[in-house]
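Trainee: This is the structure, below, for whatever I ask next.
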There are 2 protein chains.
Amino acid sequence: MTIIEPEGTPISVGVLMLIPYRHMEQRVLAAVVAAGHPITLAQARVFQRLDAGGSRLTELARAAQVTKQAAGFLVDELERAGYVERVADPRDGRARLIRITPRGREAVAVALVEQQRIEAEWERHLGARRSAELRRSLEALREITDPWI
Amino acid sequence: MTIIEPEGTPISVGVLMLIPYRHMEQRVLAAVVAAGHPITLAQARVFQRLDAGGSRLTELARAAQVTKQAAGFLVDELERAGYVERVADPRDGRARLIRITPRGREAVAVALVEQQRIEAEWERHLGARRSAELRRSLEALREITDPWI
DNA sequence: CCAAATTGGTCAAGTTCTTTGACTAGAATG
DNA sequence: CATTCTAGTCAAAGAACTTGACCAATTTGG
């Protein structure tokens with residue numbers, strides 16, 4: 001939400017971030033689907049927030065900014081399709097860790113290739129110096145905007 | 001979609017953009033709602049893409065990356081709530097321009113204040129030089145990622 | 001140590017959002 | 001003009017997401 005600008009007000013930095021994000025999201029998802037992994041956008045948005053060592057549902061829900069019920073629903077679907085599995089969390093009897101399966105990692109590999117292709121395009125457009133600076137600035141911004149950290 | 005990183009791969013620039021965007025989106029929406037404008041996130045996402053001079057539904061749908069039916073549904077709701085109106089497009093008998101009403105502009109004003117507050121926080125965190133550079137880089141990226149332009 | 005409060009997760013039901021498909025009316029093309 | 005394209009709507013179904021109630025395991029504090 002950044003709403004329309006009254007004549008002359010520049011477009012918000014927020015929307016300026018959303019535009020490339022959406023572009024990447026769509027292309028990466030299209031590549032994954034084309035590679036034979038018919039996942040949906042909503043599933044992908046949860047999936048992309050999974051930690052390599054396994055994530056708890058509550059964590060995941062907070063990171064993806066949805067309720068735990070919504071996250072649970074999407075994880076159920078991903079589990080049924082074989083992309084993730086739930087294993088008991090040894091540290092907490094209530095919790096279960098959601099982990100990426102080998103099939104899930106295949107999808108990740110495809111996503112990563114497309115993602116790197118896009119980042120390379122961006123780097124060509126911005127130049128190496130500005131690209132690196134962009135990443136650093138975004139990482140710095142994450143410190144004050146990521147509820148997950 | 002950027003998917004989890006296999007050990008050591010840095011988090012994607014895409015997700016790094018999404019994190020601050022979501023933060024801003026939520027705070028701005030919360031401010032607008034608190035000011036007595038009970039709009040939803042989906043409505044806001046369409047609303048924020050409205051052009052000050054009026055937008056066509058098809059344009060809006062493309063900018064917000066949803067079908068024109070979805071955009072139409074949300075515009076219907078915003079219209080019923082008095083935030084936008086549809087007027088005939090003098091240039092095209094098929095089209096109608098979606099315009100922000102005075103009530104809509106009240107909501108915009110509230111949003112703008114909160115948005116500027118957040119951007120000021122970001123600028124404090126990054127410093128003036130890096131903030132300006134961040135905006136410039138994102139604007140440059142828009143050139144190759146915005147389907148709207 | 002145990003009662004109370006908190007946290008992780010599920011079940012159920014309903015709402016909101018979004019899509020696919022089919023269609024009408026006006027505009028552009030040739 | 002006839003054809004093709006574009007703007008938008010209607011209808012129906014499906015996907016995504018929420019609120020509310022609940023259970024079991026963990027943590028807290030007396």
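Chain labels follow the order of the structure tokens: the first chain is A, the next B, and so on; residue numbering restarts at 1 in every chain, and ligands are counted from 1 in their shown order.
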Name the residues of range 6-118 of chain B that fall into alpha helix (DSSP H) according to DSSP on the backbone, using the chain letters and numbers of this document, as a PyMOL selection string.

Mentor: chain B and resi 13-34+41-47+57-64+68-80+102-118

Trainee: Using only C-alpha atoms (C1' of nucleotides), select each residue of chain C with any atom at most 9 Å away from an atom of chain A, and give the selection as a list in words.

Mentor: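 Residues passing the distance filter: DT7, DG8, DG9 and DT10 of chain C.
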
Trainee: Which residues are near DA13 in chain D? Cut-off 12 Å, only C-alpha atoms (C1' of nucleotides), ignore same chain within fewer than 6 positions. Put them as a PDB file with N, CA and C atoms (P, O5', C5', C4', C3', O3' and C1' of nucleotides), in the first residue's frame.

Mentor:
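Saved to around23.pdb:
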```pdb
ATOM      1  P    DT C  18      -6.607 -10.917  -4.943  1.00  0.00           P
ATOM      2  O5'  DT C  18      -6.957 -11.978  -6.062  1.00  0.00           O
ATOM      3  C5'  DT C  18      -6.432 -13.310  -5.929  1.00  0.00           C
ATOM      4  C4'  DT C  18      -7.041 -14.183  -7.002  1.00  0.00           C
ATOM      5  C3'  DT C  18      -7.058 -13.548  -8.400  1.00  0.00           C
ATOM      6  O3'  DT C  18      -6.071 -14.210  -9.180  1.00  0.00           O
ATOM      7  C1'  DT C  18      -9.042 -14.768  -7.910  1.00  0.00           C
ATOM      8  P    DT C  19      -5.879 -13.866 -10.765  1.00  0.00           P
ATOM      9  O5'  DT C  19      -6.479 -15.173 -11.450  1.00  0.00           O
ATOM     10  C5'  DT C  19      -6.299 -16.449 -10.827  1.00  0.00           C
ATOM     11  C4'  DT C  19      -7.246 -17.463 -11.439  1.00  0.00           C
ATOM     12  C3'  DT C  19      -7.385 -17.313 -12.955  1.00  0.00           C
ATOM     13  O3'  DT C  19      -6.932 -18.494 -13.611  1.00  0.00           O
ATOM     14  C1'  DT C  19      -9.532 -17.481 -11.897  1.00  0.00           C
ATOM     15  P    DT C  20      -6.795 -18.424 -15.241  1.00  0.00           P
ATOM     16  O5'  DT C  20      -8.009 -19.302 -15.785  1.00  0.00           O
ATOM     17  C5'  DT C  20      -8.429 -20.481 -15.117  1.00  0.00           C
ATOM     18  C4'  DT C  20      -9.735 -20.965 -15.733  1.00  0.00           C
ATOM     19  C3'  DT C  20      -9.838 -20.827 -17.261  1.00  0.00           C
ATOM     20  O3'  DT C  20     -10.512 -21.971 -17.769  1.00  0.00           O
ATOM     21  C1'  DT C  20     -11.613 -19.663 -16.249  1.00  0.00           C
ATOM     22  P    DG C  21     -10.606 -22.253 -19.347  1.00  0.00           P
ATOM     23  O5'  DG C  21     -12.066 -21.698 -19.677  1.00  0.00           O
ATOM     24  C5'  DG C  21     -13.172 -22.141 -18.897  1.00  0.00           C
ATOM     25  C4'  DG C  21     -14.441 -21.517 -19.419  1.00  0.00           C
ATOM     26  C3'  DG C  21     -14.439 -21.202 -20.918  1.00  0.00           C
ATOM     27  O3'  DG C  21     -15.689 -21.605 -21.458  1.00  0.00           O
ATOM     28  C1'  DG C  21     -15.023 -19.277 -19.709  1.00  0.00           C
TER      29       DG C  21
END
```

Trainee: Distance limit 9 Å, atoms considered: only C-alpha atoms (C1' of nucleotides). Which chain D residues sit that close to chain B? Return them as a count of residues only.

Mentor: 4

Trainee: Could you list the residues in chain A lying within 8 Å of chain B, using only C-alpha atoms, and format the result as a ChimeraX atom specification?

Mentor: /A:1-7,12-21,23-26,28-29,41,44-45,47-52,108,111-112,115,119,122,125-126,130,134-135,137-142,145-146

Trainee: Provide the C1' of DT6 in chain C to CA of Asp76 in chain A distance in Å, to one decimal place.

Mentor: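 Atom-to-atom, C1' of DT6 in chain C to CA of Asp76 in chain A, that is 25.6 Å.
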
Trainee: Rounded to one decimal place, report the CA of Ala71 in chain B-CA of Val87 in chain B distance in Å.

Mentor: 16.3 Å

Trainee: Can you check which residues of chain A DSSP gives as strand (DSSP E) on the backbone and send them as number ranges by chain?

Mentor: A: 55-56, 84-88, 96-100

Trainee: Can you write just those residues out, N, CA and C atoms, as a PDB file, in the first residue's frame?

Mentor:
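Listed below is the output, out04.pdb:
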```
ATOM      1  N   SER A  55      11.889 -25.798   9.169  1.00  0.00           N
ATOM      2  CA  SER A  55      11.218 -24.674   9.821  1.00  0.00           C
ATOM      3  C   SER A  55       9.978 -25.151  10.560  1.00  0.00           C
ATOM      4  N   ARG A  56       9.644 -24.453  11.606  1.00  0.00           N
ATOM      5  CA  ARG A  56       8.369 -24.719  12.276  1.00  0.00           C
ATOM      6  C   ARG A  56       7.280 -23.945  11.576  1.00  0.00           C
ATOM      7  N   VAL A  84       7.730 -31.282   0.531  1.00  0.00           N
ATOM      8  CA  VAL A  84       8.214 -31.135   1.907  1.00  0.00           C
ATOM      9  C   VAL A  84       7.733 -32.313   2.741  1.00  0.00           C
ATOM     10  N   GLU A  85       8.340 -32.472   3.903  1.00  0.00           N
ATOM     11  CA  GLU A  85       7.875 -33.497   4.833  1.00  0.00           C
ATOM     12  C   GLU A  85       7.895 -32.892   6.228  1.00  0.00           C
ATOM     13  N   ARG A  86       7.101 -33.481   7.119  1.00  0.00           N
ATOM     14  CA  ARG A  86       7.099 -32.996   8.492  1.00  0.00           C
ATOM     15  C   ARG A  86       7.725 -34.066   9.372  1.00  0.00           C
ATOM     16  N   VAL A  87       8.691 -33.646  10.160  1.00  0.00           N
ATOM     17  CA  VAL A  87       9.315 -34.585  11.098  1.00  0.00           C
ATOM     18  C   VAL A  87       9.220 -33.986  12.505  1.00  0.00           C
ATOM     19  N   ALA A  88       9.208 -34.860  13.489  1.00  0.00           N
ATOM     20  CA  ALA A  88       9.114 -34.397  14.867  1.00  0.00           C
ATOM     21  C   ALA A  88      10.308 -33.506  15.199  1.00  0.00           C
ATOM     22  N   ARG A  96       6.721 -29.613  14.996  1.00  0.00           N
ATOM     23  CA  ARG A  96       7.243 -30.480  13.947  1.00  0.00           C
ATOM     24  C   ARG A  96       8.034 -29.599  12.997  1.00  0.00           C
ATOM     25  N   LEU A  97       9.110 -30.180  12.465  1.00  0.00           N
ATOM     26  CA  LEU A  97       9.917 -29.411  11.523  1.00  0.00           C
ATOM     27  C   LEU A  97       9.475 -29.730  10.109  1.00  0.00           C
ATOM     28  N   ILE A  98       9.305 -28.700   9.335  1.00  0.00           N
ATOM     29  CA  ILE A  98       8.951 -28.866   7.929  1.00  0.00           C
ATOM     30  C   ILE A  98      10.253 -28.824   7.148  1.00  0.00           C
ATOM     31  N   ARG A  99      10.525 -29.919   6.447  1.00  0.00           N
ATOM     32  CA  ARG A  99      11.798 -30.016   5.727  1.00  0.00           C
ATOM     33  C   ARG A  99      11.581 -30.271   4.247  1.00  0.00           C
ATOM     34  N   ILE A 100      12.527 -29.791   3.456  1.00  0.00           N
ATOM     35  CA  ILE A 100      12.449 -29.978   2.017  1.00  0.00           C
ATOM     36  C   ILE A 100      12.886 -31.397   1.670  1.00  0.00           C
TER      37      ILE A 100
END
```

Trainee: Go through A:Ala132, A:Val33, A:Ala61, A:Ile39 one by one, measure the shortest atom-to-atom distance of each to Arg80 in chain A using only C-alpha atoms, and give the residue with the smallest value.

Mentor: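 Counting only C-alpha atoms, the residue closest to Arg80 in chain A is A:Ile39.
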
Trainee: Grab the CA of Arg103 in chain A to CA of Arg62 in chain A distance for me, in Å with one decimal place.

Mentor: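 Computing the Euclidean distance for CA of Arg103 in chain A and CA of Arg62 in chain A yields 25.0 Å.
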